[in-house]
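Chemist: Supplied in structure tokens, the structure appears directly below.
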Amino acid sequence: MMFPHVGDRFRLVYGRNLLPELTEGLNNYLVVADGFVYEKYKDQLKNEHKVYIVKNVEVATLENDVKDYEGVDAVVAMGGGMAIDAGKWMAEHLGKKIHSVPTVLSVNAAFCYKSAMRVNNVVTYMGRIFPEAIYIDFDIIKGAPKYLNVSGAGDLLACLTASYDWKLNSMVTKSHAYSQEISDGAQYLLGMLSENIDNIREVNDEGIYFMCEAFRWIAEHSAKMNHTMWESASEHAFFDNMEFVCKKPFLHGQIIGLTVYFMSLFQDNQHERALMMLKRLGIDVTLKGLDITEEQLRTGLLTLRDFTEHEGLRYTIINAKPITGEWVDMAISKYKKDFDIA
Ligand SMILES: [Zn+2]
């Protein structure tokens, strides 16, 4: 086993040709999916089902749309992070079981008991639902563009900055229960992430297996601790603010790659390691790659503390010291040098 056994809330089924196998045992179910994903895999779905194609994950949208599906017996969420989160939200509101079929590993949505929704465009984590099982079909995952799967490693790299914030939090506000065992485990996870970079880049079976086991390890602990502060802290706060500043959706693991870069620098914590890992993974965190301007990045950093306080986010390095204009200038010029940005 790659990670120590923690619990059994997130059952993983690995294999190939899993959709017919799963849906053979279901009837009158609701498929919540991305449009292109449904088109690609609909022939593999057995028995009677309805389909909901995800538009967005605004709570207002889903509250309105969920009403049409009250009679279904189960939910199958199929797609990327948005489809999985919408599926989780709908299953919870319909009071039905959910079977998750992630088609890409760009985010850990399938392994999270909360759903990352939006309320007026601001990320809001809500709910508590555990899947019947998570189906990892190697061929389906490999059918997604490589860079999307690789970007998911950015969400694992978040452990680097988040576990530091968690330790800090444990010494100040203690808002999130601390565990040295999990903190050490997060360092082991980062080490294994380094060892698996080639597998992850190739999106081979070993790389997919590693990423899913890492997501599962985080998820099982989160079910026990009722939080995930070793993998979601200042870098996720910075991501939330970038989404708020830029008013556009991001590829999750990719923007987290950027925010780990800056928050590890701000923490003075394993920053060069984070940089090396981002480069070796090939996650594109340039302005162009993220389709953001230098001004937006600057604003995102300069308003980060206000955003964090306004949103009532957990205590992290962002609360511990001021993000000054001088620091932001230094950080952005280092960033441009590290990633050859003119
Ligand atoms: Zn994340």
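Here, A, B, ... name the chains of the structure tokens in the order displayed, residue numbers run from 1 inside each chain, and ligands are numbered from 1 in the same displayed order.
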Quick one: residues within 12 Å of A:Gly7, only C-alpha atoms, excluding same-chain residues fewer than 2 positions away - as a ChimeraX atom specification?
Modeler: /A:3-5,9-12,216-225
Chemist: If you keep all heavy atoms, can you produce a file of those selected residues as a compact mmCIF listing (two decimals), in the first residue's frame?
Modeler:
```txt
# COMPACT_ATOMS: atom_id res chain seq x y z
N PHE A 3 0.01 4.43 0.84
CA PHE A 3 -0.20 5.27 2.03
C PHE A 3 -0.78 4.40 3.14
O PHE A 3 -1.46 3.41 2.86
CB PHE A 3 -1.18 6.42 1.72
CG PHE A 3 -0.59 7.49 0.86
CD1 PHE A 3 -0.65 7.39 -0.52
CD2 PHE A 3 0.02 8.60 1.42
CE1 PHE A 3 -0.09 8.37 -1.34
CE2 PHE A 3 0.58 9.58 0.62
CZ PHE A 3 0.52 9.47 -0.75
N PRO A 4 -0.54 4.77 4.40
CA PRO A 4 -1.13 3.98 5.48
C PRO A 4 -2.65 4.00 5.42
O PRO A 4 -3.25 4.99 4.99
CB PRO A 4 -0.64 4.69 6.75
CG PRO A 4 0.23 5.81 6.32
CD PRO A 4 0.24 5.92 4.84
N HIS A 5 -3.27 2.89 5.85
CA HIS A 5 -4.73 2.83 5.87
C HIS A 5 -5.27 3.79 6.93
O HIS A 5 -4.82 3.76 8.07
CB HIS A 5 -5.20 1.41 6.14
CG HIS A 5 -6.69 1.29 6.23
ND1 HIS A 5 -7.35 1.25 7.43
CD2 HIS A 5 -7.64 1.26 5.27
CE1 HIS A 5 -8.66 1.18 7.19
NE2 HIS A 5 -8.87 1.18 5.89
N ARG A 9 -14.12 5.58 4.11
CA ARG A 9 -15.22 6.43 3.66
C ARG A 9 -15.16 6.64 2.15
O ARG A 9 -16.16 6.93 1.53
CB ARG A 9 -15.17 7.80 4.35
CG ARG A 9 -15.13 7.75 5.86
CD ARG A 9 -16.34 7.04 6.45
NE ARG A 9 -17.62 7.74 6.24
CZ ARG A 9 -18.14 8.62 7.07
NH1 ARG A 9 -17.50 8.98 8.16
NH2 ARG A 9 -19.32 9.17 6.82
N PHE A 10 -13.97 6.54 1.58
CA PHE A 10 -13.81 6.78 0.14
C PHE A 10 -13.30 5.50 -0.52
O PHE A 10 -12.11 5.23 -0.56
CB PHE A 10 -12.83 7.94 -0.11
CG PHE A 10 -13.35 9.26 0.38
CD1 PHE A 10 -13.16 9.66 1.69
CD2 PHE A 10 -14.07 10.10 -0.47
CE1 PHE A 10 -13.65 10.88 2.15
CE2 PHE A 10 -14.56 11.32 -0.02
CZ PHE A 10 -14.35 11.71 1.29
N ARG A 11 -14.26 4.70 -1.01
CA ARG A 11 -13.91 3.44 -1.64
C ARG A 11 -13.53 3.71 -3.10
O ARG A 11 -14.26 4.37 -3.83
CB ARG A 11 -15.11 2.49 -1.59
CG ARG A 11 -14.77 1.05 -1.91
CD ARG A 11 -15.93 0.15 -1.53
NE ARG A 11 -17.07 0.29 -2.41
CZ ARG A 11 -17.22 -0.36 -3.56
NH1 ARG A 11 -16.29 -1.21 -3.97
NH2 ARG A 11 -18.29 -0.19 -4.30
N LEU A 12 -12.37 3.20 -3.48
CA LEU A 12 -11.90 3.41 -4.85
C LEU A 12 -12.02 2.12 -5.64
O LEU A 12 -11.63 1.06 -5.15
CB LEU A 12 -10.43 3.84 -4.83
CG LEU A 12 -10.18 5.32 -4.57
CD1 LEU A 12 -8.70 5.59 -4.37
CD2 LEU A 12 -10.68 6.12 -5.76
N ARG A 216 -6.97 10.14 -1.83
CA ARG A 216 -7.75 9.35 -0.89
C ARG A 216 -7.21 9.50 0.54
O ARG A 216 -7.97 9.63 1.50
CB ARG A 216 -7.73 7.86 -1.29
CG ARG A 216 -8.70 7.04 -0.44
CD ARG A 216 -8.15 5.72 0.05
NE ARG A 216 -7.68 4.80 -0.93
CZ ARG A 216 -8.28 3.64 -1.23
NH1 ARG A 216 -9.41 3.32 -0.65
NH2 ARG A 216 -7.73 2.84 -2.09
N TRP A 217 -5.88 9.48 0.68
CA TRP A 217 -5.26 9.63 2.00
C TRP A 217 -5.72 10.95 2.64
O TRP A 217 -6.11 11.00 3.81
CB TRP A 217 -3.73 9.58 1.86
CG TRP A 217 -3.02 9.76 3.16
CD1 TRP A 217 -2.79 8.81 4.11
CD2 TRP A 217 -2.48 10.99 3.68
NE1 TRP A 217 -2.13 9.38 5.19
CE2 TRP A 217 -1.93 10.71 4.95
CE3 TRP A 217 -2.40 12.30 3.20
CZ2 TRP A 217 -1.31 11.68 5.74
CZ3 TRP A 217 -1.79 13.27 3.99
CH2 TRP A 217 -1.25 12.96 5.24
N ILE A 218 -5.69 12.02 1.84
CA ILE A 218 -6.14 13.33 2.33
C ILE A 218 -7.62 13.26 2.71
O ILE A 218 -8.03 13.73 3.78
CB ILE A 218 -5.92 14.41 1.24
CG1 ILE A 218 -4.42 14.66 1.03
CG2 ILE A 218 -6.63 15.71 1.62
CD1 ILE A 218 -4.09 15.47 -0.20
N ALA A 219 -8.41 12.63 1.86
CA ALA A 219 -9.86 12.59 2.06
C ALA A 219 -10.24 11.81 3.32
O ALA A 219 -11.11 12.24 4.09
CB ALA A 219 -10.54 11.97 0.84
N GLU A 220 -9.60 10.67 3.55
CA GLU A 220 -9.93 9.86 4.72
C GLU A 220 -9.59 10.61 6.01
O GLU A 220 -10.36 10.58 6.98
CB GLU A 220 -9.20 8.51 4.68
CG GLU A 220 -9.66 7.57 3.58
CD GLU A 220 -11.05 6.99 3.80
OE1 GLU A 220 -11.68 7.27 4.84
OE2 GLU A 220 -11.52 6.25 2.91
N HIS A 221 -8.46 11.29 6.01
CA HIS A 221 -8.13 12.09 7.19
C HIS A 221 -9.12 13.24 7.37
O HIS A 221 -9.50 13.57 8.49
CB HIS A 221 -6.70 12.63 7.10
CG HIS A 221 -5.66 11.69 7.60
ND1 HIS A 221 -5.69 11.17 8.88
CD2 HIS A 221 -4.58 11.15 7.00
CE1 HIS A 221 -4.65 10.35 9.04
NE2 HIS A 221 -3.97 10.32 7.91
N SER A 222 -9.53 13.83 6.26
CA SER A 222 -10.44 14.98 6.36
C SER A 222 -11.78 14.55 6.95
O SER A 222 -12.41 15.30 7.70
CB SER A 222 -10.64 15.65 5.00
OG SER A 222 -11.51 14.90 4.19
N ALA A 223 -12.21 13.31 6.63
CA ALA A 223 -13.48 12.82 7.18
C ALA A 223 -13.38 12.66 8.70
O ALA A 223 -14.36 12.84 9.41
CB ALA A 223 -13.84 11.49 6.52
N LYS A 224 -12.19 12.35 9.17
CA LYS A 224 -12.00 12.19 10.62
C LYS A 224 -11.79 13.53 11.31
O LYS A 224 -12.28 13.74 12.42
CB LYS A 224 -10.76 11.32 10.90
CG LYS A 224 -10.99 9.86 10.57
CD LYS A 224 -9.88 9.00 11.13
CE LYS A 224 -10.29 7.53 11.04
NZ LYS A 224 -9.16 6.64 11.27
N MET A 225 -11.05 14.41 10.67
CA MET A 225 -10.68 15.69 11.30
C MET A 225 -11.74 16.77 11.07
O MET A 225 -11.71 17.81 11.71
CB MET A 225 -9.35 16.18 10.74
CG MET A 225 -8.19 15.25 10.94
SD MET A 225 -7.66 15.13 12.66
CE MET A 225 -6.73 16.66 12.84
```
Chemist: I'd like a table as a tab-separated table: residues in stretch 225-264 of chain A with an atom no more than 10 Å from stretch 297-312 of chain A, each row giving the shortest atom pair and its distance in Å to one decimal, only C-alpha atoms counted, sorted by chain and rising residue number.
Modeler:
```
residue	atom	partner	partner_atom	distance
A:Ser234	CA	A:Thr308	CA	9.0
A:Ala237	CA	A:Thr308	CA	6.8
A:Phe238	CA	A:Leu304	CA	6.4
A:Phe239	CA	A:Gly300	CA	8.7
A:Asp240	CA	A:Phe307	CA	8.9
A:Asn241	CA	A:Gly300	CA	6.1
A:Met242	CA	A:Gly300	CA	5.4
A:Glu243	CA	A:Gly300	CA	8.9
A:Phe244	CA	A:Gly300	CA	8.6
A:Val245	CA	A:Gly300	CA	6.3
A:Cys246	CA	A:Gly300	CA	8.6
A:Leu258	CA	A:Leu297	CA	10.0
A:Thr259	CA	A:Leu301	CA	9.7
A:Phe262	CA	A:Leu301	CA	8.9
A:Met263	CA	A:Leu301	CA	9.7
```
Chemist: Mind checking which residues fall within 10 Å of A:Leu278, counting only C-alpha atoms, ignoring those fewer than 5 positions away in the same chain, and posting them as a list in words?
Modeler: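 With the cut-off at 10 Å, the set is Ser151, Ala153, Gly154, Leu157, Ile197, Gln254, Gly257, Leu258, Val260, Tyr261, Glu272, Arg273, Ile283, Asp284 and Val285 of chain A.
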Chemist: Using only C-alpha atoms and all ligand atoms, tabulate the residues of chain A lying at most 12 Å from any atom of ligand 1, each with its closest atom pair and that distance in Å to one decimal, by chain and increasing residue number, as CSV.
Modeler:
```
residue,atom,partner,partner_atom_place_in_ligand_line,distance
A:Gly81,CA,ligand 1,1 (Zn),10.0
A:Leu105,CA,ligand 1,1 (Zn),11.4
A:Ser106,CA,ligand 1,1 (Zn),9.3
A:Val107,CA,ligand 1,1 (Zn),6.2
A:Asn108,CA,ligand 1,1 (Zn),6.5
A:Ala109,CA,ligand 1,1 (Zn),7.9
A:Ala110,CA,ligand 1,1 (Zn),11.2
A:Phe111,CA,ligand 1,1 (Zn),10.5
A:Cys112,CA,ligand 1,1 (Zn),9.5
A:Lys114,CA,ligand 1,1 (Zn),11.5
A:Ser115,CA,ligand 1,1 (Zn),11.2
A:Ala116,CA,ligand 1,1 (Zn),9.2
A:Val123,CA,ligand 1,1 (Zn),11.3
A:Tyr125,CA,ligand 1,1 (Zn),11.0
A:Ser151,CA,ligand 1,1 (Zn),10.9
A:Gly152,CA,ligand 1,1 (Zn),8.6
A:Ala153,CA,ligand 1,1 (Zn),10.0
A:Gly154,CA,ligand 1,1 (Zn),8.2
A:Asp155,CA,ligand 1,1 (Zn),4.9
A:Leu156,CA,ligand 1,1 (Zn),7.9
A:Leu157,CA,ligand 1,1 (Zn),9.6
A:Ala158,CA,ligand 1,1 (Zn),7.4
A:Cys159,CA,ligand 1,1 (Zn),9.8
A:Ala162,CA,ligand 1,1 (Zn),10.6
A:Phe215,CA,ligand 1,1 (Zn),10.3
A:Ile218,CA,ligand 1,1 (Zn),11.2
A:Ala219,CA,ligand 1,1 (Zn),11.8
A:Thr228,CA,ligand 1,1 (Zn),9.9
A:Met229,CA,ligand 1,1 (Zn),10.9
A:Trp230,CA,ligand 1,1 (Zn),11.2
A:Glu231,CA,ligand 1,1 (Zn),7.5
A:Ser232,CA,ligand 1,1 (Zn),6.4
A:Ala233,CA,ligand 1,1 (Zn),9.4
A:Ser234,CA,ligand 1,1 (Zn),11.2
A:Glu235,CA,ligand 1,1 (Zn),8.9
A:His236,CA,ligand 1,1 (Zn),6.5
A:Ala237,CA,ligand 1,1 (Zn),10.1
A:Phe238,CA,ligand 1,1 (Zn),11.3
A:Phe239,CA,ligand 1,1 (Zn),9.0
A:Asp240,CA,ligand 1,1 (Zn),10.2
A:Phe250,CA,ligand 1,1 (Zn),11.5
A:Leu251,CA,ligand 1,1 (Zn),10.4
A:His252,CA,ligand 1,1 (Zn),6.6
A:Gly253,CA,ligand 1,1 (Zn),6.8
A:Gln254,CA,ligand 1,1 (Zn),10.0
A:Ile255,CA,ligand 1,1 (Zn),9.5
A:Ile256,CA,ligand 1,1 (Zn),7.0
A:Gly257,CA,ligand 1,1 (Zn),10.1
A:Thr259,CA,ligand 1,1 (Zn),10.9
A:Val260,CA,ligand 1,1 (Zn),11.0
```
Chemist: With N, CA and C atoms retained, write the just-selected residues as a compact mmCIF listing (two decimals), in the first residue's frame.
Modeler:
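What ended up in result_8.txt:
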```txt
# COMPACT_ATOMS: atom_id res chain seq x y z
N GLY A 81 -14.06 18.69 -12.21
CA GLY A 81 -14.41 19.19 -10.88
C GLY A 81 -15.81 19.77 -10.81
N LEU A 105 -8.08 14.19 -13.62
CA LEU A 105 -7.61 14.36 -12.23
C LEU A 105 -7.16 15.79 -11.95
N SER A 106 -7.79 16.77 -12.60
CA SER A 106 -7.31 18.15 -12.47
C SER A 106 -7.62 18.76 -11.11
N VAL A 107 -8.45 18.11 -10.33
CA VAL A 107 -8.83 18.63 -9.01
C VAL A 107 -9.29 17.45 -8.17
N ASN A 108 -9.28 17.60 -6.84
CA ASN A 108 -9.64 16.46 -5.98
C ASN A 108 -11.12 16.44 -5.60
N ALA A 109 -11.97 17.06 -6.43
CA ALA A 109 -13.40 17.20 -6.09
C ALA A 109 -14.06 15.87 -5.70
N ALA A 110 -13.72 14.77 -6.40
CA ALA A 110 -14.37 13.49 -6.12
C ALA A 110 -13.99 12.96 -4.74
N PHE A 111 -12.88 13.47 -4.20
CA PHE A 111 -12.35 12.96 -2.94
C PHE A 111 -12.62 13.91 -1.79
N CYS A 112 -13.61 14.75 -1.94
CA CYS A 112 -13.84 15.80 -0.96
C CYS A 112 -15.29 15.69 -0.50
N LYS A 114 -16.98 17.93 0.98
CA LYS A 114 -17.66 19.20 0.72
C LYS A 114 -17.70 19.46 -0.78
N SER A 115 -18.65 20.28 -1.20
CA SER A 115 -18.71 20.68 -2.60
C SER A 115 -18.24 22.13 -2.72
N ALA A 116 -17.39 22.38 -3.72
CA ALA A 116 -16.90 23.74 -3.95
C ALA A 116 -17.89 24.46 -4.85
N VAL A 123 -16.15 31.44 -4.21
CA VAL A 123 -16.07 30.03 -3.83
C VAL A 123 -16.61 29.83 -2.42
N TYR A 125 -17.44 26.50 0.18
CA TYR A 125 -17.40 25.04 0.37
C TYR A 125 -18.57 24.66 1.27
N SER A 151 -2.06 18.85 -14.12
CA SER A 151 -2.34 20.02 -13.28
C SER A 151 -2.87 19.60 -11.90
N GLY A 152 -3.52 18.43 -11.83
CA GLY A 152 -4.03 17.96 -10.55
C GLY A 152 -2.94 17.81 -9.50
N ALA A 153 -1.72 17.58 -9.96
CA ALA A 153 -0.60 17.47 -9.02
C ALA A 153 -0.38 18.78 -8.29
N GLY A 154 -0.84 19.89 -8.90
CA GLY A 154 -0.76 21.19 -8.23
C GLY A 154 -1.57 21.21 -6.95
N ASP A 155 -2.71 20.49 -6.98
CA ASP A 155 -3.56 20.43 -5.80
C ASP A 155 -2.89 19.60 -4.70
N LEU A 156 -2.04 18.63 -5.08
CA LEU A 156 -1.27 17.87 -4.09
C LEU A 156 -0.10 18.70 -3.55
N LEU A 157 0.50 19.48 -4.45
CA LEU A 157 1.61 20.35 -4.05
C LEU A 157 1.15 21.36 -2.99
N ALA A 158 -0.14 21.61 -2.95
CA ALA A 158 -0.71 22.53 -1.95
C ALA A 158 -0.35 22.11 -0.53
N CYS A 159 -0.07 20.80 -0.33
CA CYS A 159 0.32 20.32 1.00
C CYS A 159 1.57 21.04 1.50
N ALA A 162 0.21 24.48 2.72
CA ALA A 162 -0.89 24.35 3.68
C ALA A 162 -0.43 23.73 4.99
N PHE A 215 -4.91 11.54 -3.02
CA PHE A 215 -6.18 12.24 -2.79
C PHE A 215 -7.01 11.48 -1.74
N ILE A 218 -5.69 12.02 1.84
CA ILE A 218 -6.14 13.33 2.33
C ILE A 218 -7.62 13.26 2.71
N ALA A 219 -8.41 12.63 1.86
CA ALA A 219 -9.86 12.59 2.06
C ALA A 219 -10.24 11.81 3.32
N THR A 228 -9.41 20.12 6.26
CA THR A 228 -8.32 19.65 5.39
C THR A 228 -7.20 20.68 5.39
N MET A 229 -6.88 21.16 6.58
CA MET A 229 -5.97 22.30 6.58
C MET A 229 -4.55 21.96 6.16
N TRP A 230 -4.19 20.67 6.13
CA TRP A 230 -2.85 20.31 5.66
C TRP A 230 -2.76 20.36 4.13
N GLU A 231 -3.88 20.53 3.45
CA GLU A 231 -3.82 20.64 1.98
C GLU A 231 -4.58 21.83 1.43
N SER A 232 -5.14 22.64 2.31
CA SER A 232 -5.88 23.81 1.83
C SER A 232 -5.76 24.93 2.84
N ALA A 233 -4.92 25.92 2.53
CA ALA A 233 -4.75 27.04 3.46
C ALA A 233 -4.45 28.31 2.66
N SER A 234 -3.29 28.96 2.92
CA SER A 234 -3.07 30.26 2.27
C SER A 234 -3.10 30.18 0.74
N GLU A 235 -2.58 29.07 0.17
CA GLU A 235 -2.57 28.98 -1.30
C GLU A 235 -3.99 28.88 -1.87
N HIS A 236 -4.89 28.23 -1.13
CA HIS A 236 -6.28 28.19 -1.60
C HIS A 236 -6.98 29.53 -1.37
N ALA A 237 -6.62 30.22 -0.30
CA ALA A 237 -7.18 31.56 -0.06
C ALA A 237 -6.77 32.51 -1.19
N PHE A 238 -5.50 32.41 -1.58
CA PHE A 238 -4.99 33.26 -2.67
C PHE A 238 -5.71 32.90 -3.98
N PHE A 239 -5.95 31.63 -4.20
CA PHE A 239 -6.72 31.20 -5.39
C PHE A 239 -8.13 31.80 -5.35
N ASP A 240 -8.79 31.70 -4.21
CA ASP A 240 -10.15 32.26 -4.09
C ASP A 240 -10.12 33.75 -4.46
N PHE A 250 -10.70 29.27 -13.21
CA PHE A 250 -9.34 28.79 -13.50
C PHE A 250 -9.33 27.28 -13.54
N LEU A 251 -8.31 26.73 -14.21
CA LEU A 251 -8.03 25.31 -14.06
C LEU A 251 -7.43 25.17 -12.66
N HIS A 252 -8.11 24.42 -11.80
CA HIS A 252 -7.80 24.47 -10.37
C HIS A 252 -6.33 24.19 -10.03
N GLY A 253 -5.84 23.02 -10.45
CA GLY A 253 -4.47 22.65 -10.09
C GLY A 253 -3.43 23.62 -10.64
N GLN A 254 -3.75 24.23 -11.77
CA GLN A 254 -2.82 25.17 -12.40
C GLN A 254 -2.71 26.46 -11.58
N ILE A 255 -3.83 27.03 -11.20
CA ILE A 255 -3.78 28.26 -10.40
C ILE A 255 -3.22 27.96 -9.01
N ILE A 256 -3.48 26.77 -8.49
CA ILE A 256 -2.90 26.40 -7.20
C ILE A 256 -1.37 26.31 -7.32
N GLY A 257 -0.90 25.86 -8.47
CA GLY A 257 0.55 25.86 -8.71
C GLY A 257 1.11 27.26 -8.54
N THR A 259 -0.24 29.77 -6.87
CA THR A 259 -0.41 30.31 -5.51
C THR A 259 0.54 29.61 -4.53
N VAL A 260 0.87 28.33 -4.79
CA VAL A 260 1.89 27.66 -3.96
C VAL A 260 3.24 28.36 -4.17
```
Chemist: Give me, as JSON, numbers by chain, all polymer residues having an atom no more than 12 Å from A:Lys288, counting only C-alpha atoms and skipping those fewer than 5 positions away in the same chain.
Modeler: {"A": [293, 294, 297, 336, 339, 340, 341, 342]}
Chemist: Might you pull out every residue within 10 Å of A:Arg16, with only C-alpha atoms counted and same-chain residues fewer than 2 positions away left off, and present them as a ChimeraX atom specification?
Modeler: /A:13-14,18-19,21,135-140
Chemist: Take the residues from that selection and put them in a file with N, CA and C atoms, as a short mmCIF file (atom, residue, chain, number, x, y, z; two decimals), in the first residue's frame.
Modeler:
```
data_model
loop_
_atom_site.label_atom_id
_atom_site.label_comp_id
_atom_site.auth_asym_id
_atom_site.auth_seq_id
_atom_site.Cartn_x
_atom_site.Cartn_y
_atom_site.Cartn_z
N VAL A 13 -12.55 2.23 -6.84
CA VAL A 13 -12.60 1.08 -7.74
C VAL A 13 -11.73 1.42 -8.95
N TYR A 14 -10.61 0.71 -9.10
CA TYR A 14 -9.73 0.94 -10.24
C TYR A 14 -10.03 -0.09 -11.31
N LEU A 18 -15.40 0.57 -16.75
CA LEU A 18 -16.14 0.55 -15.48
C LEU A 18 -17.56 1.11 -15.59
N LEU A 19 -17.82 1.97 -16.58
CA LEU A 19 -19.15 2.60 -16.67
C LEU A 19 -20.28 1.58 -16.89
N GLU A 21 -20.27 -1.53 -16.09
CA GLU A 21 -20.29 -2.33 -14.86
C GLU A 21 -21.06 -1.60 -13.76
N TYR A 135 -15.01 5.72 -9.09
CA TYR A 135 -14.57 4.81 -10.15
C TYR A 135 -13.45 5.45 -10.94
N ILE A 136 -12.27 4.84 -10.83
CA ILE A 136 -11.12 5.36 -11.57
C ILE A 136 -10.85 4.42 -12.75
N ASP A 137 -11.34 4.85 -13.90
CA ASP A 137 -11.17 4.07 -15.13
C ASP A 137 -9.92 4.62 -15.83
N PHE A 138 -8.86 3.81 -15.84
CA PHE A 138 -7.58 4.29 -16.39
C PHE A 138 -7.73 4.82 -17.82
N ASP A 139 -8.55 4.16 -18.63
CA ASP A 139 -8.69 4.60 -20.02
C ASP A 139 -9.45 5.92 -20.12
N ILE A 140 -10.45 6.10 -19.25
CA ILE A 140 -11.19 7.36 -19.26
C ILE A 140 -10.27 8.52 -18.84
#
```
Chemist: Would you mind listing what lies within 8 Å of A:Leu160 as a ChimeraX atom specification, with only C-alpha atoms counted and same-chain residues fewer than 6 positions away left out?
Modeler: /A:186-187,190,231,260,264,270,274
Chemist: Considering only C-alpha atoms, can you say which of A:Val59, A:Leu168, A:Ile200, A:Ile182 comes closest to A:Asn120?
Modeler: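 Going through A:Val59, A:Leu168, A:Ile200, A:Ile182 one by one, the smallest distance to A:Asn120 is for A:Val59.
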